[in-house]
$ cat final27.cif   # mmCIF, C-alpha atoms
data_work
#
loop_
_atom_site.label_atom_id
_atom_site.label_comp_id
_atom_site.auth_asym_id
_atom_site.auth_seq_id
_atom_site.Cartn_x
_atom_site.Cartn_y
_atom_site.Cartn_z
CA MET A 1 12.79 24.72 10.72
CA ASN A 2 11.66 21.07 10.78
CA THR A 3 14.67 18.91 11.60
CA THR A 4 12.69 15.65 11.59
CA LYS A 5 14.00 13.06 9.15
CA PRO A 6 11.83 12.91 6.01
CA VAL A 7 9.35 10.19 5.11
CA LEU A 8 10.64 8.07 2.22
CA ILE A 9 7.90 7.46 -0.36
CA LEU A 10 8.65 4.63 -2.80
CA GLN A 11 6.48 4.50 -5.92
CA LEU A 12 6.20 1.81 -8.58
CA ARG A 13 3.69 3.27 -11.06
CA PRO A 14 5.15 3.74 -14.59
CA GLU A 15 2.70 6.46 -15.65
CA ASP A 16 3.34 10.07 -14.60
CA GLU A 17 -0.36 10.79 -14.11
CA THR A 18 -1.07 7.92 -11.72
CA SER A 19 2.26 8.34 -9.91
CA ASP A 20 1.84 12.08 -9.40
CA ASN A 21 -1.75 11.67 -8.21
CA GLU A 22 -0.77 8.91 -5.77
CA TYR A 23 2.06 11.05 -4.37
CA GLN A 24 -0.28 14.02 -3.90
CA ALA A 25 -2.78 11.75 -2.12
CA PHE A 26 -0.05 10.55 0.26
CA LEU A 27 0.74 14.19 1.02
CA LYS A 28 -2.91 15.19 1.42
CA TYR A 29 -4.08 12.38 3.69
CA GLY A 30 -0.78 12.06 5.51
CA GLU A 31 -0.93 15.83 6.12
CA LEU A 32 2.56 16.20 4.68
CA ASN A 33 4.33 18.81 2.58
CA GLU A 34 6.70 17.87 -0.23
CA THR A 35 9.59 19.09 1.95
CA ASP A 36 8.60 16.46 4.56
CA THR A 37 9.29 13.65 2.10
CA ARG A 38 11.79 12.12 -0.27
CA ARG A 39 10.05 10.67 -3.31
CA LEU A 40 11.65 7.86 -5.31
CA ARG A 41 10.03 6.46 -8.45
CA ILE A 42 11.69 3.08 -8.36
CA GLU A 43 9.89 1.76 -11.46
CA LYS A 44 12.65 3.48 -13.41
CA ASN A 45 15.87 2.19 -11.81
CA GLY A 46 14.88 0.18 -8.74
CA ILE A 47 15.89 0.98 -5.15
CA PRO A 48 19.36 2.50 -4.71
CA ASP A 49 21.89 0.13 -3.17
CA ASP A 50 23.04 2.80 -0.73
CA LEU A 51 19.73 3.67 0.94
CA PRO A 52 20.43 4.14 4.67
CA LEU A 53 17.32 3.77 6.82
CA ASP A 54 18.90 6.14 9.35
CA ASP A 55 18.22 9.02 6.94
CA TYR A 56 14.43 8.57 7.22
CA SER A 57 11.71 8.48 9.84
CA ALA A 58 9.47 6.01 7.97
CA ILE A 59 8.80 4.40 4.57
CA ILE A 60 5.54 4.42 2.61
CA VAL A 61 5.16 2.20 -0.47
CA GLY A 62 2.43 2.72 -3.07
CA GLY A 63 0.70 0.44 -5.56
CA SER A 64 1.63 -0.66 -9.06
CA PRO A 65 0.37 -2.63 -12.06
CA PHE A 66 3.07 -5.30 -11.48
CA ASP A 67 1.83 -8.75 -10.40
CA ILE A 68 4.08 -10.73 -8.07
CA SER A 69 2.16 -13.93 -8.88
CA ASP A 70 3.08 -13.78 -12.59
CA PRO A 71 5.52 -16.48 -13.75
CA ALA A 72 9.13 -15.27 -13.63
CA GLU A 73 9.50 -15.58 -17.41
CA ASN A 74 6.64 -13.10 -17.89
CA LYS A 75 8.15 -10.42 -15.66
CA SER A 76 10.09 -7.48 -17.04
CA ALA A 77 13.70 -6.90 -16.04
CA ILE A 78 12.74 -3.88 -13.94
CA GLN A 79 10.03 -5.83 -12.10
CA CYS A 80 12.51 -8.58 -11.26
CA LYS A 81 14.98 -5.95 -10.05
CA ILE A 82 12.33 -4.23 -7.91
CA GLU A 83 11.34 -7.52 -6.26
CA SER A 84 14.99 -8.30 -5.55
CA ASP A 85 15.60 -4.78 -4.25
CA PHE A 86 12.62 -5.06 -1.91
CA ASN A 87 13.93 -8.32 -0.51
CA ARG A 88 17.12 -6.47 0.38
CA LEU A 89 15.28 -3.46 1.82
CA LEU A 90 12.78 -5.53 3.79
CA THR A 91 15.59 -7.53 5.39
CA GLU A 92 16.74 -4.27 7.00
CA VAL A 93 13.18 -3.07 7.73
CA ILE A 94 12.22 -6.27 9.54
CA LYS A 95 15.55 -6.57 11.37
CA ASN A 96 15.24 -3.01 12.70
CA ASP A 97 11.43 -3.04 13.09
CA PHE A 98 11.61 0.14 11.01
CA PRO A 99 8.35 2.08 10.43
CA PHE A 100 6.96 0.86 7.11
CA LEU A 101 3.54 1.07 5.46
CA GLY A 102 3.04 -0.86 2.23
CA ALA A 103 -0.23 -0.37 0.35
CA CYS A 104 -1.55 -2.96 -2.15
CA SER A 105 1.67 -3.87 -4.01
CA GLY A 106 3.52 -3.04 -0.81
CA SER A 107 1.43 -5.69 0.95
CA GLY A 108 2.24 -8.29 -1.68
CA LEU A 109 5.94 -7.50 -1.58
CA LEU A 110 6.04 -7.76 2.23
CA GLY A 111 3.92 -10.92 2.26
CA SER A 112 6.11 -12.52 -0.40
CA TYR A 113 9.26 -11.58 1.52
CA LEU A 114 7.79 -13.31 4.60
CA GLY A 115 7.31 -16.51 2.58
CA MET A 116 3.58 -16.22 1.92
CA THR A 117 2.15 -17.37 -1.41
CA ILE A 118 0.71 -14.47 -3.42
CA SER A 119 -1.99 -15.68 -5.80
CA ARG A 120 -5.17 -14.60 -7.58
CA LYS A 121 -7.36 -16.61 -5.22
CA TYR A 122 -8.56 -13.52 -3.35
CA GLY A 123 -8.61 -10.81 -6.02
CA GLU A 124 -11.25 -8.09 -5.66
CA ALA A 125 -12.95 -5.81 -8.16
CA VAL A 126 -12.24 -2.08 -8.22
CA GLY A 127 -14.46 -0.23 -5.77
CA SER A 128 -15.17 -0.17 -2.05
CA VAL A 129 -15.70 -2.93 0.50
CA THR A 130 -16.50 -3.04 4.19
CA LEU A 131 -13.83 -4.69 6.32
CA ASP A 132 -13.80 -6.03 9.87
CA ILE A 133 -11.21 -4.91 12.39
CA THR A 134 -9.89 -7.89 14.35
CA ASP A 135 -9.54 -7.98 18.13
CA GLU A 136 -5.81 -7.39 17.71
CA GLY A 137 -6.55 -4.59 15.28
CA LYS A 138 -8.71 -2.81 17.84
CA LYS A 139 -5.63 -2.58 20.09
CA ASP A 140 -3.33 -1.27 17.37
CA PRO A 141 -2.43 2.44 17.56
CA LEU A 142 -3.32 2.99 13.89
CA LEU A 143 -6.84 1.56 14.35
CA LYS A 144 -7.68 2.12 18.02
CA GLY A 145 -11.09 3.72 18.52
CA PHE A 146 -12.32 2.92 15.01
CA PRO A 147 -15.74 1.33 14.46
CA ASP A 148 -15.77 -2.48 14.23
CA GLN A 149 -16.23 -2.16 10.46
CA VAL A 150 -14.82 0.44 8.06
CA GLU A 151 -15.12 1.08 4.33
CA VAL A 152 -12.02 1.08 2.13
CA MET A 153 -11.17 1.51 -1.55
CA LEU A 154 -9.33 -1.23 -3.40
CA GLY A 155 -8.92 -3.19 -6.60
CA HIS A 156 -6.39 -5.98 -6.94
CA LYS A 157 -5.83 -9.16 -8.91
CA GLU A 158 -3.72 -10.88 -6.25
CA ALA A 159 -3.26 -11.01 -2.48
CA CYS A 160 -1.71 -13.03 0.33
CA ASP A 161 -3.30 -16.48 0.51
CA SER A 162 -3.15 -16.37 4.31
CA VAL A 163 -1.56 -14.38 7.12
CA PRO A 164 2.24 -14.48 6.80
CA GLN A 165 4.08 -16.38 9.53
CA GLY A 166 4.88 -14.11 12.45
CA ALA A 167 2.45 -11.41 11.35
CA THR A 168 -0.61 -10.13 13.23
CA LEU A 169 -3.86 -9.80 11.28
CA LEU A 170 -5.47 -6.40 11.91
CA MET A 171 -8.25 -6.17 9.30
CA THR A 172 -10.09 -8.85 7.34
CA GLY A 173 -12.81 -9.10 4.70
CA ASP A 174 -15.23 -11.67 3.31
CA ALA A 175 -13.79 -11.80 -0.20
CA CYS A 176 -10.14 -11.35 0.79
CA PRO A 177 -9.20 -12.37 4.34
CA VAL A 178 -5.78 -10.68 4.62
CA GLN A 179 -6.50 -6.94 4.37
CA MET A 180 -4.11 -5.43 6.91
CA PHE A 181 -1.35 -6.97 8.96
CA ARG A 182 1.56 -5.93 11.14
CA VAL A 183 4.99 -7.44 11.63
CA GLY A 184 6.74 -6.59 14.90
CA ASN A 185 5.49 -3.27 16.24
CA ASN A 186 6.07 -0.90 13.33
CA VAL A 187 5.88 -2.72 9.98
CA TYR A 188 2.45 -2.53 8.32
CA ALA A 189 0.79 -3.64 5.11
CA THR A 190 -2.68 -2.94 3.70
CA GLN A 191 -4.25 -4.73 0.73
CA PHE A 192 -6.46 -1.67 0.25
CA HIS A 193 -5.41 1.89 -0.56
CA PRO A 194 -5.42 4.17 2.52
CA GLU A 195 -4.64 7.10 0.20
CA GLY A 196 -7.50 6.15 -2.13
CA ASP A 197 -10.17 8.67 -3.06
CA ALA A 198 -12.68 9.18 -5.87
CA GLU A 199 -10.40 11.42 -7.92
CA GLY A 200 -7.42 9.10 -7.72
CA PHE A 201 -9.41 5.98 -8.49
CA ALA A 202 -11.04 7.64 -11.49
CA ILE A 203 -7.56 8.29 -12.91
CA ARG A 204 -6.40 4.74 -12.20
CA ILE A 205 -9.55 3.21 -13.71
CA GLU A 206 -9.00 5.12 -16.95
CA ILE A 207 -5.26 4.36 -17.14
CA TYR A 208 -5.50 0.69 -16.16
CA LYS A 209 -8.70 -0.29 -17.99
CA HIS A 210 -6.77 -2.70 -20.24
CA TYR A 211 -4.72 -4.29 -17.43
CA GLY A 212 -7.19 -7.04 -16.49
CA TYR A 213 -8.68 -5.55 -13.33
CA PHE A 214 -12.08 -5.30 -15.04
CA GLU A 215 -13.57 -5.31 -18.53
CA PRO A 216 -12.67 -2.10 -20.42
CA HIS A 217 -16.30 -1.30 -21.16
CA GLU A 218 -16.98 -1.14 -17.40
CA ALA A 219 -14.65 1.84 -16.87
CA GLU A 220 -17.23 4.64 -17.01
CA GLN A 221 -19.62 2.76 -14.72
CA LEU A 222 -16.81 2.16 -12.21
CA ILE A 223 -15.76 5.82 -12.30
CA GLN A 224 -19.34 6.82 -11.56
CA ALA A 225 -19.55 4.30 -8.71
CA VAL A 226 -16.31 5.41 -6.99
CA SER A 227 -17.39 9.05 -7.22
CA GLN A 228 -19.94 8.29 -4.49
CA ILE A 229 -17.46 6.62 -2.12
CA SER A 230 -15.95 8.14 1.01
CA THR A 231 -13.42 6.25 3.14
CA PRO A 232 -12.35 8.59 5.96
CA TYR A 233 -11.18 5.84 8.32
CA ALA A 234 -8.90 4.29 5.71
CA GLN A 235 -7.34 7.71 5.09
CA GLN A 236 -7.00 8.20 8.84
CA ILE A 237 -4.74 5.13 8.95
CA LEU A 238 -2.29 7.01 6.74
CA GLN A 239 -2.66 10.14 8.84
CA ARG A 240 -2.02 8.22 12.07
CA PHE A 241 1.00 6.45 10.59
CA VAL A 242 2.58 9.79 9.70
CA GLN A 243 1.67 11.32 13.07
CA ARG A 244 3.15 8.41 14.96
CA TYR A 245 6.39 7.97 13.09
CA TYR A 246 7.12 11.37 11.56
CA LYS A 247 5.44 13.89 13.85
CA GLY A 248 5.92 11.87 17.04
CA LYS A 249 2.32 12.21 18.22
#

$ encode --input "final27.cif" --output "structure tokens"
Amino acid sequence: MNTTKPVLILQLRPEDETSDNEYQAFLKYGELNETDTRRLRIEKNGIPDDLPLDDYSAIIVGGSPFDISDPAENKSAIQCKIESDFNRLLTEVIKNDFPFLGACSGSGLLGSYLGMTISRKYGEAVGSVTLDITDEGKKDPLLKGFPDQVEVMLGHKEACDSVPQGATLLMTGDACPVQMFRVGNNVYATQFHPEGDAEGFAIRIEIYKHYGYFEPHEAEQLIQAVSQISTPYAQQILQRFVQRYYKGK
């Protein structure tokens, strides 16, 4: 019997189809079973007040259609609650240097918590890009031994304007400079989707085609384009995170 504490997976996607697919991708590329995790869909009720970190080995946070950079008056009540809840959670995560991996929205939430402006200055179209691993990134256990450049899948309207104070930049890109950073030794954020694959992005493109990421008429062309993409190193980041903090490898 596995007595290791489960991985807490926090999800923010309102649609069952995108949320379920994202969760299955976390399991697949993290090489996890459902019994290895506790899944919380916090877009419904936010993060529970009584969420002891001691009950978990690590936290993984997925993406969402929420935009942190939106004016406060345009945000729904649940989005405001989620942002407030994350400020509370991240206070504990940072204080304890607790293993954390935030993807896309998770990156924005962590960057915002650290005082960084999140804006639309460095948004990127849905698809794949090639990123550079920094000198510090090449030393990091999640990226060590990777090629100097790796391909990732992404699509975002907003991002950190610059590297948050106290954070270490691990991966960077031409169109969006802050692509992966680390706080302390164990707290990570990626602007891209390490769980991303062609199947999952096809679902997201169809569901979110009216959310402003691209023009709706471009959906079929984008689905065809992502079907040709493979990002094994990005997915290996997720695998290594789980191995390091859940499986102890």

$ closest_atom_pairs --input "final27.cif" --of "range 199-249 of chain A" --to "range 48-58 of chain A" --cutoff "12 Å" --atoms "only C-alpha atoms" --output "Markdown table"
| residue | atom | partner | partner_atom | distance |
| --- | --- | --- | --- | --- |
| A:Leu238 | CA | A:Ala58 | CA | 11.9 |
| A:Phe241 | CA | A:Ala58 | CA | 8.9 |
| A:Val242 | CA | A:Ala58 | CA | 8.0 |
| A:Gln243 | CA | A:Ala58 | CA | 10.7 |
| A:Arg244 | CA | A:Ala58 | CA | 9.7 |
| A:Tyr245 | CA | A:Ser57 | CA | 6.3 |
| A:Tyr246 | CA | A:Ser57 | CA | 5.7 |
| A:Lys247 | CA | A:Ser57 | CA | 9.2 |
| A:Gly248 | CA | A:Ser57 | CA | 9.8 |

$ residues_around --input "final27.cif" --residues "range 180-191 of chain A" --least-positions-apart "3" --cutoff "6 Å" --atoms "all atoms listed in the file" --output "list in words"
Asp97, Pro99, Phe100, Leu101, Gly102, Ala103, Cys104, Ser107, Ala167, Thr168, Leu169, Leu170 and Met171 of chain A

$ write_last_selection --input "final27.cif" --atoms "C-alpha atoms" --output "PDB file, in the coordinates of the input"
ATOM      1  CA  ASP A  97      11.430  -3.040  13.090  1.00  0.00           C
ATOM      2  CA  PRO A  99       8.350   2.080  10.430  1.00  0.00           C
ATOM      3  CA  PHE A 100       6.960   0.860   7.110  1.00  0.00           C
ATOM      4  CA  LEU A 101       3.540   1.070   5.460  1.00  0.00           C
ATOM      5  CA  GLY A 102       3.040  -0.860   2.230  1.00  0.00           C
ATOM      6  CA  ALA A 103      -0.230  -0.370   0.350  1.00  0.00           C
ATOM      7  CA  CYS A 104      -1.550  -2.960  -2.150  1.00  0.00           C
ATOM      8  CA  SER A 107       1.430  -5.690   0.950  1.00  0.00           C
ATOM      9  CA  ALA A 167       2.450 -11.410  11.350  1.00  0.00           C
ATOM     10  CA  THR A 168      -0.610 -10.130  13.230  1.00  0.00           C
ATOM     11  CA  LEU A 169      -3.860  -9.800  11.280  1.00  0.00           C
ATOM     12  CA  LEU A 170      -5.470  -6.400  11.910  1.00  0.00           C
ATOM     13  CA  MET A 171      -8.250  -6.170   9.300  1.00  0.00           C
TER      14      MET A 171
END

$ closest_residue --input "final27.cif" --among "A:Arg204, A:Arg120, A:Lys75, A:His193" --to "Asp16 in chain A" --atoms "only C-alpha atoms"
A:Arg204

$ closest_residue --input "final27.cif" --among "A:Ser64, A:Gln228, A:Ser105, A:Asn33" --to "Ser128 in chain A" --atoms "all atoms listed in the file"
A:Gln228

$ resolve_selection --input "final27.cif" --expression "the PyMOL selection byres ((chain A and resi 132) around 8)" --output "ChimeraX atom specification"
/A:130-131,133-134,148-150,171-173

$ closest_residue --input "final27.cif" --among "A:Gly62, A:Gln239, A:Val7, A:Glu206" --to "Gln224 in chain A" --atoms "all atoms listed in the file"
A:Glu206

$ decode --input "final27.cif" --residues "range 149-163 of chain A" --atoms "N, CA and C atoms" --output "short mmCIF file (atom, residue, chain, number, x, y, z; two decimals), in the first residue's frame"
data_model
loop_
_atom_site.label_atom_id
_atom_site.label_comp_id
_atom_site.auth_asym_id
_atom_site.auth_seq_id
_atom_site.Cartn_x
_atom_site.Cartn_y
_atom_site.Cartn_z
N GLN A 149 17.25 24.45 -25.85
CA GLN A 149 15.93 24.93 -26.27
C GLN A 149 14.94 23.77 -26.29
N VAL A 150 13.71 24.04 -25.85
CA VAL A 150 12.66 23.01 -25.87
C VAL A 150 11.36 23.62 -26.38
N GLU A 151 10.53 22.78 -26.95
CA GLU A 151 9.23 23.23 -27.46
C GLU A 151 8.15 22.99 -26.40
N VAL A 152 7.25 23.96 -26.29
CA VAL A 152 6.16 23.86 -25.32
C VAL A 152 4.85 24.27 -25.99
N MET A 153 3.73 23.91 -25.35
CA MET A 153 2.41 24.33 -25.81
C MET A 153 1.86 25.38 -24.86
N LEU A 154 1.26 26.41 -25.44
CA LEU A 154 0.72 27.49 -24.62
C LEU A 154 -0.36 28.25 -25.37
N GLY A 155 -0.88 29.24 -24.73
CA GLY A 155 -1.88 30.14 -25.26
C GLY A 155 -2.40 30.97 -24.10
N HIS A 156 -2.05 32.24 -24.06
CA HIS A 156 -2.43 33.06 -22.90
C HIS A 156 -2.54 34.51 -23.32
N LYS A 157 -3.47 35.20 -22.65
CA LYS A 157 -3.68 36.62 -22.93
C LYS A 157 -2.82 37.51 -22.04
N GLU A 158 -2.34 36.97 -20.92
CA GLU A 158 -1.59 37.78 -19.96
C GLU A 158 -0.42 36.98 -19.42
N ALA A 159 0.52 37.71 -18.80
CA ALA A 159 1.71 37.06 -18.23
C ALA A 159 2.39 38.05 -17.30
N CYS A 160 3.38 37.56 -16.56
CA CYS A 160 4.19 38.45 -15.72
C CYS A 160 4.96 39.43 -16.62
N ASP A 161 4.96 40.70 -16.24
CA ASP A 161 5.70 41.69 -17.02
C ASP A 161 7.21 41.50 -16.91
N SER A 162 7.66 41.02 -15.76
CA SER A 162 9.09 40.72 -15.57
C SER A 162 9.21 39.67 -14.48
N VAL A 163 10.43 39.27 -14.19
CA VAL A 163 10.64 38.22 -13.18
C VAL A 163 10.28 38.76 -11.80
#
